[in-house]
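Note: the block below is entry.pdb and it holds PDB, N, CA and C atoms and all ligand atoms.
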```
ATOM      1  N   MET A  22       2.771   2.246  14.312
ATOM      2  CA  MET A  22       1.751   2.667  15.280
ATOM      3  C   MET A  22       1.601   1.607  16.355
ATOM      4  N   ASN A  23       1.652   2.036  17.579
ATOM      5  CA  ASN A  23       1.458   1.152  18.711
ATOM      6  C   ASN A  23       0.296   1.672  19.527
ATOM      7  N   GLU A  24      -0.901   1.239  19.179
ATOM      8  CA  GLU A  24      -2.081   1.775  19.845
ATOM      9  C   GLU A  24      -2.634   0.766  20.833
ATOM     10  N   THR A  25      -3.086   1.288  21.951
ATOM     11  CA  THR A  25      -3.753   0.426  22.919
ATOM     12  C   THR A  25      -5.145   0.075  22.409
ATOM     13  N   LYS A  26      -5.734  -0.917  23.036
ATOM     14  CA  LYS A  26      -7.108  -1.286  22.680
ATOM     15  C   LYS A  26      -8.055  -0.094  22.828
ATOM     16  N   ALA A  27      -7.894   0.654  23.917
ATOM     17  CA  ALA A  27      -8.762   1.808  24.149
ATOM     18  C   ALA A  27      -8.608   2.833  23.028
ATOM     19  N   GLN A  28      -7.401   2.998  22.537
ATOM     20  CA  GLN A  28      -7.177   3.958  21.457
ATOM     21  C   GLN A  28      -7.749   3.445  20.141
ATOM     22  N   GLN A  29      -7.672   2.148  19.922
ATOM     23  CA  GLN A  29      -8.195   1.600  18.668
ATOM     24  C   GLN A  29      -9.716   1.725  18.587
ATOM     25  N   VAL A  30     -10.385   1.652  19.731
ATOM     26  CA  VAL A  30     -11.849   1.683  19.708
ATOM     27  C   VAL A  30     -12.417   3.013  20.180
ATOM     28  N   CYS A  31     -11.565   3.982  20.475
ATOM     29  CA  CYS A  31     -12.034   5.275  20.977
ATOM     30  C   CYS A  31     -12.994   5.907  19.967
ATOM     31  N   PRO A  32     -14.247   6.171  20.356
ATOM     32  CA  PRO A  32     -15.201   6.714  19.398
ATOM     33  C   PRO A  32     -14.963   8.185  19.084
ATOM     34  N   TYR A  33     -14.271   8.884  19.988
ATOM     35  CA  TYR A  33     -14.167  10.338  19.842
ATOM     36  C   TYR A  33     -13.181  10.734  18.752
ATOM     37  N   CYS A  34     -12.069  10.050  18.672
ATOM     38  CA  CYS A  34     -11.072  10.436  17.675
ATOM     39  C   CYS A  34     -11.198   9.620  16.396
ATOM     40  N   HIS A  35     -12.233   8.781  16.307
ATOM     41  CA  HIS A  35     -12.525   8.110  15.047
ATOM     42  C   HIS A  35     -13.784   8.671  14.391
ATOM     43  N   GLY A  36     -14.301   9.771  14.967
ATOM     44  CA  GLY A  36     -15.430  10.447  14.348
ATOM     45  C   GLY A  36     -16.773   9.798  14.599
ATOM     46  N   HIS A  37     -16.872   8.973  15.627
ATOM     47  CA  HIS A  37     -18.129   8.270  15.870
ATOM     48  C   HIS A  37     -18.971   8.896  16.977
ATOM     49  N   ALA A  38     -18.364   9.777  17.771
ATOM     50  CA  ALA A  38     -19.124  10.347  18.881
ATOM     51  C   ALA A  38     -18.612  11.747  19.195
ATOM     52  N   ASP A  39     -19.514  12.573  19.719
ATOM     53  CA  ASP A  39     -19.119  13.905  20.157
ATOM     54  C   ASP A  39     -18.489  13.826  21.541
ATOM     55  N   LEU A  40     -17.528  14.690  21.774
ATOM     56  CA  LEU A  40     -16.907  14.726  23.100
ATOM     57  C   LEU A  40     -17.907  15.208  24.143
ATOM     58  N   ILE A  41     -18.556  16.327  23.840
ATOM     59  CA  ILE A  41     -19.564  16.897  24.727
ATOM     60  C   ILE A  41     -20.724  17.351  23.863
ATOM     61  N   SER A  42     -21.926  16.986  24.255
ATOM     62  CA  SER A  42     -23.094  17.394  23.497
ATOM     63  C   SER A  42     -24.227  17.661  24.473
ATOM     64  N   ASN A  43     -24.679  18.894  24.506
ATOM     65  CA  ASN A  43     -25.879  19.200  25.282
ATOM     66  C   ASN A  43     -26.637  20.301  24.558
ATOM     67  N   GLU A  44     -27.631  20.855  25.179
ATOM     68  CA  GLU A  44     -28.488  21.817  24.489
ATOM     69  C   GLU A  44     -27.731  23.053  24.033
ATOM     70  N   ASP A  45     -26.727  23.430  24.784
ATOM     71  CA  ASP A  45     -26.062  24.705  24.523
ATOM     72  C   ASP A  45     -24.724  24.568  23.813
ATOM     73  N   MET A  46     -24.165  23.387  23.822
ATOM     74  CA  MET A  46     -22.783  23.281  23.390
ATOM     75  C   MET A  46     -22.526  21.942  22.719
ATOM     76  N   LEU A  47     -21.681  22.007  21.709
ATOM     77  CA  LEU A  47     -21.280  20.776  21.025
ATOM     78  C   LEU A  47     -19.771  20.825  20.838
ATOM     79  N   ILE A  48     -19.086  19.827  21.321
ATOM     80  CA  ILE A  48     -17.634  19.773  21.189
ATOM     81  C   ILE A  48     -17.263  18.428  20.577
ATOM     82  N   TYR A  49     -16.491  18.477  19.533
ATOM     83  CA  TYR A  49     -16.167  17.243  18.825
ATOM     84  C   TYR A  49     -14.831  17.392  18.116
ATOM     85  N   ILE A  50     -14.303  16.283  17.680
ATOM     86  CA  ILE A  50     -13.051  16.269  16.931
ATOM     87  C   ILE A  50     -13.382  16.132  15.454
ATOM     88  N   LYS A  51     -12.832  17.020  14.659
ATOM     89  CA  LYS A  51     -13.045  16.975  13.210
ATOM     90  C   LYS A  51     -11.749  16.518  12.560
ATOM     91  N   LEU A  52     -11.864  15.515  11.724
ATOM     92  CA  LEU A  52     -10.689  14.960  11.076
ATOM     93  C   LEU A  52     -10.685  15.354   9.612
ATOM     94  N   GLU A  53      -9.749  16.221   9.282
ATOM     95  CA  GLU A  53      -9.582  16.564   7.873
ATOM     96  C   GLU A  53      -8.104  16.358   7.540
ATOM     97  N   GLU A  54      -7.509  17.301   6.876
ATOM     98  CA  GLU A  54      -6.074  17.169   6.627
ATOM     99  C   GLU A  54      -5.312  17.135   7.948
ATOM    100  N   TYR A  55      -5.812  17.933   8.910
ATOM    101  CA  TYR A  55      -5.317  17.893  10.273
ATOM    102  C   TYR A  55      -6.490  17.561  11.175
ATOM    103  N   ALA A  56      -6.199  17.322  12.420
ATOM    104  CA  ALA A  56      -7.264  17.063  13.394
ATOM    105  C   ALA A  56      -7.570  18.361  14.130
ATOM    106  N   TYR A  57      -8.858  18.644  14.271
ATOM    107  CA  TYR A  57      -9.283  19.858  14.946
ATOM    108  C   TYR A  57     -10.236  19.522  16.074
ATOM    109  N   LEU A  58     -10.100  20.260  17.157
ATOM    110  CA  LEU A  58     -11.086  20.230  18.221
ATOM    111  C   LEU A  58     -12.044  21.381  17.965
ATOM    112  N   CYS A  59     -13.315  21.069  17.775
ATOM    113  CA  CYS A  59     -14.303  22.078  17.427
ATOM    114  C   CYS A  59     -15.287  22.259  18.564
ATOM    115  N   ALA A  60     -15.656  23.510  18.805
ATOM    116  CA  ALA A  60     -16.649  23.830  19.831
ATOM    117  C   ALA A  60     -17.694  24.737  19.200
ATOM    118  N   GLU A  61     -18.941  24.303  19.273
ATOM    119  CA  GLU A  61     -20.039  25.076  18.694
ATOM    120  C   GLU A  61     -21.028  25.473  19.783
ATOM    121  N   ASP A  62     -21.487  26.707  19.707
ATOM    122  CA  ASP A  62     -22.701  27.045  20.450
ATOM    123  C   ASP A  62     -23.650  27.713  19.472
ATOM    124  N   ASP A  63     -24.669  28.384  19.967
ATOM    125  CA  ASP A  63     -25.677  28.927  19.066
ATOM    126  C   ASP A  63     -25.111  29.941  18.091
ATOM    127  N   GLU A  64     -24.053  30.641  18.509
ATOM    128  CA  GLU A  64     -23.571  31.746  17.705
ATOM    129  C   GLU A  64     -22.246  31.490  17.013
ATOM    130  N   TYR A  65     -21.397  30.720  17.660
ATOM    131  CA  TYR A  65     -20.030  30.630  17.156
ATOM    132  C   TYR A  65     -19.590  29.190  16.977
ATOM    133  N   ILE A  66     -18.651  29.021  16.066
ATOM    134  CA  ILE A  66     -17.905  27.768  15.980
ATOM    135  C   ILE A  66     -16.436  28.129  16.154
ATOM    136  N   SER A  67     -15.801  27.544  17.121
ATOM    137  CA  SER A  67     -14.384  27.757  17.333
ATOM    138  C   SER A  67     -13.667  26.434  17.137
ATOM    139  N   HIS A  68     -12.462  26.507  16.649
ATOM    140  CA  HIS A  68     -11.702  25.268  16.517
ATOM    141  C   HIS A  68     -10.226  25.544  16.603
ATOM    142  N   ARG A  69      -9.496  24.532  17.001
ATOM    143  CA  ARG A  69      -8.055  24.626  17.002
ATOM    144  C   ARG A  69      -7.475  23.274  16.644
ATOM    145  N   GLU A  70      -6.292  23.327  16.074
ATOM    146  CA  GLU A  70      -5.635  22.092  15.692
ATOM    147  C   GLU A  70      -5.160  21.352  16.937
ATOM    148  N   ILE A  71      -5.355  20.046  16.947
ATOM    149  CA  ILE A  71      -4.843  19.238  18.052
ATOM    150  C   ILE A  71      -4.008  18.102  17.490
ATOM    151  N   HIS A  72      -3.154  17.581  18.315
ATOM    152  CA  HIS A  72      -2.261  16.516  17.872
ATOM    153  C   HIS A  72      -2.505  15.202  18.590
ATOM    154  N   TYR A  73      -3.283  15.277  19.655
ATOM    155  CA  TYR A  73      -3.589  14.065  20.411
ATOM    156  C   TYR A  73      -5.052  14.091  20.829
ATOM    157  N   CYS A  74      -5.670  12.940  20.858
ATOM    158  CA  CYS A  74      -7.042  12.852  21.339
ATOM    159  C   CYS A  74      -7.077  13.184  22.828
ATOM    160  N   PRO A  75      -7.984  14.076  23.247
ATOM    161  CA  PRO A  75      -8.048  14.425  24.672
ATOM    162  C   PRO A  75      -8.594  13.290  25.535
ATOM    163  N   CYS A  76      -9.203  12.296  24.929
ATOM    164  CA  CYS A  76      -9.762  11.200  25.729
ATOM    165  C   CYS A  76      -8.813  10.017  25.844
ATOM    166  N   CYS A  77      -8.283   9.568  24.728
ATOM    167  CA  CYS A  77      -7.481   8.340  24.789
ATOM    168  C   CYS A  77      -5.992   8.609  24.566
ATOM    169  N   GLY A  78      -5.651   9.808  24.155
ATOM    170  CA  GLY A  78      -4.237  10.140  23.972
ATOM    171  C   GLY A  78      -3.643   9.674  22.659
ATOM    172  N   ARG A  79      -4.478   9.178  21.754
ATOM    173  CA  ARG A  79      -3.980   8.712  20.452
ATOM    174  C   ARG A  79      -3.432   9.880  19.650
ATOM    175  N   LYS A  80      -2.310   9.659  18.985
ATOM    176  CA  LYS A  80      -1.749  10.688  18.134
ATOM    177  C   LYS A  80      -2.626  10.842  16.901
ATOM    178  N   LEU A  81      -2.954  12.097  16.573
ATOM    179  CA  LEU A  81      -3.863  12.361  15.467
ATOM    180  C   LEU A  81      -3.133  13.085  14.346
ATOM    181  N   GLY A  82      -3.665  12.974  13.174
ATOM    182  CA  GLY A  82      -3.198  13.808  12.074
ATOM    183  C   GLY A  82      -2.316  13.076  11.078
ATOM    184  N   ASP A  83      -1.582  12.061  11.502
ATOM    185  CA  ASP A  83      -0.734  11.356  10.557
ATOM    186  C   ASP A  83      -1.562  10.402   9.702
ATOM    187  N   ASP A  84      -2.226   9.517  10.356
ATOM    188  CA  ASP A  84      -3.146   8.629   9.662
ATOM    189  C   ASP A  84      -4.212   8.208  10.632
ATOM    190  N   TYR A  85      -5.411   8.012  10.123
ATOM    191  CA  TYR A  85      -6.505   7.593  11.001
ATOM    192  C   TYR A  85      -7.588   6.928  10.180
TER     193      TYR A  85
HETATM  194 ZN    ZN A 101      -9.407   8.972  21.138
END
```
As structure tokens, what does this structure read like?
Ligand SMILES: [Zn+2]
Amino acid sequence: MNETKAQQVCPYCHGHADLISNEDMLIYIKLEEYAYLCAEDDEYISHREIHYCPCCGRKLGDDY
């Protein structure tokens, strides 16, 4: 692994912060067996598998 400093401390792909959080919407990265980008509103939760952090570009899913 060759991670930049920004990738090592990125709060979004280490589960420390939500990507977007406001009254109507919550978007965050969920780390389980794979990495998922999750979007929640009052009614729905949607998610899809992702392979890279949208903020720092760190590769996700292998180890974290
Ligand atoms: Zn990141």
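Every residue that the PyMOL selection byres (((not hetatm) and name CA) within 8 of (chain A and resi 101)) selects in this file is listed here: Ala27, Gln28, Gln29, Val30, Cys31, Pro32, Tyr33, Cys34, His35, Tyr73, Cys74, Pro75, Cys76, Cys77, Gly78 and Arg79 of chain A.
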Subject >> Members of chain A assigned alpha helix (DSSP H) by DSSP, as an MDAnalysis selection string >> reply: chainID A and resid 26:30
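If you count only C-alpha atoms and ignore residues fewer than 3 places along the chain from stretch 52-61 of chain A, what sits within 9 Å of it is Cys34, His35, Gly36, Ile41, Asp45, Met46, Leu47, Ile48, Tyr49, Glu64, Tyr65, Ile66, Ser67, His68, Arg69, Glu70, Ile71, His72, Tyr73, Cys74, Leu81, Gly82, Asp83 and Tyr85 of chain A.
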Subject >> In chain A, DSSP strand (DSSP E or B) residues written as an MDAnalysis selection string >> reply: chainID A and resid 41:42 47:52 56:61 66:71 73 80
Export N, CA and C atoms of the chosen residues as a PDB file, keeping the file's coordinate frame?
```pdb
ATOM      1  N   ILE A  41     -18.556  16.327  23.840  1.00  0.00           N
ATOM      2  CA  ILE A  41     -19.564  16.897  24.727  1.00  0.00           C
ATOM      3  C   ILE A  41     -20.724  17.351  23.863  1.00  0.00           C
ATOM      4  N   SER A  42     -21.926  16.986  24.255  1.00  0.00           N
ATOM      5  CA  SER A  42     -23.094  17.394  23.497  1.00  0.00           C
ATOM      6  C   SER A  42     -24.227  17.661  24.473  1.00  0.00           C
ATOM      7  N   LEU A  47     -21.681  22.007  21.709  1.00  0.00           N
ATOM      8  CA  LEU A  47     -21.280  20.776  21.025  1.00  0.00           C
ATOM      9  C   LEU A  47     -19.771  20.825  20.838  1.00  0.00           C
ATOM     10  N   ILE A  48     -19.086  19.827  21.321  1.00  0.00           N
ATOM     11  CA  ILE A  48     -17.634  19.773  21.189  1.00  0.00           C
ATOM     12  C   ILE A  48     -17.263  18.428  20.577  1.00  0.00           C
ATOM     13  N   TYR A  49     -16.491  18.477  19.533  1.00  0.00           N
ATOM     14  CA  TYR A  49     -16.167  17.243  18.825  1.00  0.00           C
ATOM     15  C   TYR A  49     -14.831  17.392  18.116  1.00  0.00           C
ATOM     16  N   ILE A  50     -14.303  16.283  17.680  1.00  0.00           N
ATOM     17  CA  ILE A  50     -13.051  16.269  16.931  1.00  0.00           C
ATOM     18  C   ILE A  50     -13.382  16.132  15.454  1.00  0.00           C
ATOM     19  N   LYS A  51     -12.832  17.020  14.659  1.00  0.00           N
ATOM     20  CA  LYS A  51     -13.045  16.975  13.210  1.00  0.00           C
ATOM     21  C   LYS A  51     -11.749  16.518  12.560  1.00  0.00           C
ATOM     22  N   LEU A  52     -11.864  15.515  11.724  1.00  0.00           N
ATOM     23  CA  LEU A  52     -10.689  14.960  11.076  1.00  0.00           C
ATOM     24  C   LEU A  52     -10.685  15.354   9.612  1.00  0.00           C
ATOM     25  N   ALA A  56      -6.199  17.322  12.420  1.00  0.00           N
ATOM     26  CA  ALA A  56      -7.264  17.063  13.394  1.00  0.00           C
ATOM     27  C   ALA A  56      -7.570  18.361  14.130  1.00  0.00           C
ATOM     28  N   TYR A  57      -8.858  18.644  14.271  1.00  0.00           N
ATOM     29  CA  TYR A  57      -9.283  19.858  14.946  1.00  0.00           C
ATOM     30  C   TYR A  57     -10.236  19.522  16.074  1.00  0.00           C
ATOM     31  N   LEU A  58     -10.100  20.260  17.157  1.00  0.00           N
ATOM     32  CA  LEU A  58     -11.086  20.230  18.221  1.00  0.00           C
ATOM     33  C   LEU A  58     -12.044  21.381  17.965  1.00  0.00           C
ATOM     34  N   CYS A  59     -13.315  21.069  17.775  1.00  0.00           N
ATOM     35  CA  CYS A  59     -14.303  22.078  17.427  1.00  0.00           C
ATOM     36  C   CYS A  59     -15.287  22.259  18.564  1.00  0.00           C
ATOM     37  N   ALA A  60     -15.656  23.510  18.805  1.00  0.00           N
ATOM     38  CA  ALA A  60     -16.649  23.830  19.831  1.00  0.00           C
ATOM     39  C   ALA A  60     -17.694  24.737  19.200  1.00  0.00           C
ATOM     40  N   GLU A  61     -18.941  24.303  19.273  1.00  0.00           N
ATOM     41  CA  GLU A  61     -20.039  25.076  18.694  1.00  0.00           C
ATOM     42  C   GLU A  61     -21.028  25.473  19.783  1.00  0.00           C
ATOM     43  N   ILE A  66     -18.651  29.021  16.066  1.00  0.00           N
ATOM     44  CA  ILE A  66     -17.905  27.768  15.980  1.00  0.00           C
ATOM     45  C   ILE A  66     -16.436  28.129  16.154  1.00  0.00           C
ATOM     46  N   SER A  67     -15.801  27.544  17.121  1.00  0.00           N
ATOM     47  CA  SER A  67     -14.384  27.757  17.333  1.00  0.00           C
ATOM     48  C   SER A  67     -13.667  26.434  17.137  1.00  0.00           C
ATOM     49  N   HIS A  68     -12.462  26.507  16.649  1.00  0.00           N
ATOM     50  CA  HIS A  68     -11.702  25.268  16.517  1.00  0.00           C
ATOM     51  C   HIS A  68     -10.226  25.544  16.603  1.00  0.00           C
ATOM     52  N   ARG A  69      -9.496  24.532  17.001  1.00  0.00           N
ATOM     53  CA  ARG A  69      -8.055  24.626  17.002  1.00  0.00           C
ATOM     54  C   ARG A  69      -7.475  23.274  16.644  1.00  0.00           C
ATOM     55  N   GLU A  70      -6.292  23.327  16.074  1.00  0.00           N
ATOM     56  CA  GLU A  70      -5.635  22.092  15.692  1.00  0.00           C
ATOM     57  C   GLU A  70      -5.160  21.352  16.937  1.00  0.00           C
ATOM     58  N   ILE A  71      -5.355  20.046  16.947  1.00  0.00           N
ATOM     59  CA  ILE A  71      -4.843  19.238  18.052  1.00  0.00           C
ATOM     60  C   ILE A  71      -4.008  18.102  17.490  1.00  0.00           C
ATOM     61  N   TYR A  73      -3.283  15.277  19.655  1.00  0.00           N
ATOM     62  CA  TYR A  73      -3.589  14.065  20.411  1.00  0.00           C
ATOM     63  C   TYR A  73      -5.052  14.091  20.829  1.00  0.00           C
ATOM     64  N   LYS A  80      -2.310   9.659  18.985  1.00  0.00           N
ATOM     65  CA  LYS A  80      -1.749  10.688  18.134  1.00  0.00           C
ATOM     66  C   LYS A  80      -2.626  10.842  16.901  1.00  0.00           C
TER      67      LYS A  80
END
```
Centre and edge lengths, as AutoDock Vina command-line options, for the axis-aligned box enclosing every listed atom of stretch 70-81 of chain A with 8 Å of padding on each of the six sides, in Å to one decimal?
```
--center_x -5.8 --center_y 15.8 --center_z 20.1 --size_x 24.0 --size_y 31.0 --size_z 27.5
```
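If you look at atom N of A:Ser42 and atom N of A:Lys80, they are 21.6 Å away from each other.
Taking atom CA of A:Asp63 and atom N of A:His37 as the two end points, the separation is 22.1 Å.
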Original post:
Could you work out how far atom C of A:Leu40 lies from atom CA of A:Asn23, giving the answer in Å with one decimal?
Top reply: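 It comes out at 24.5 Å.
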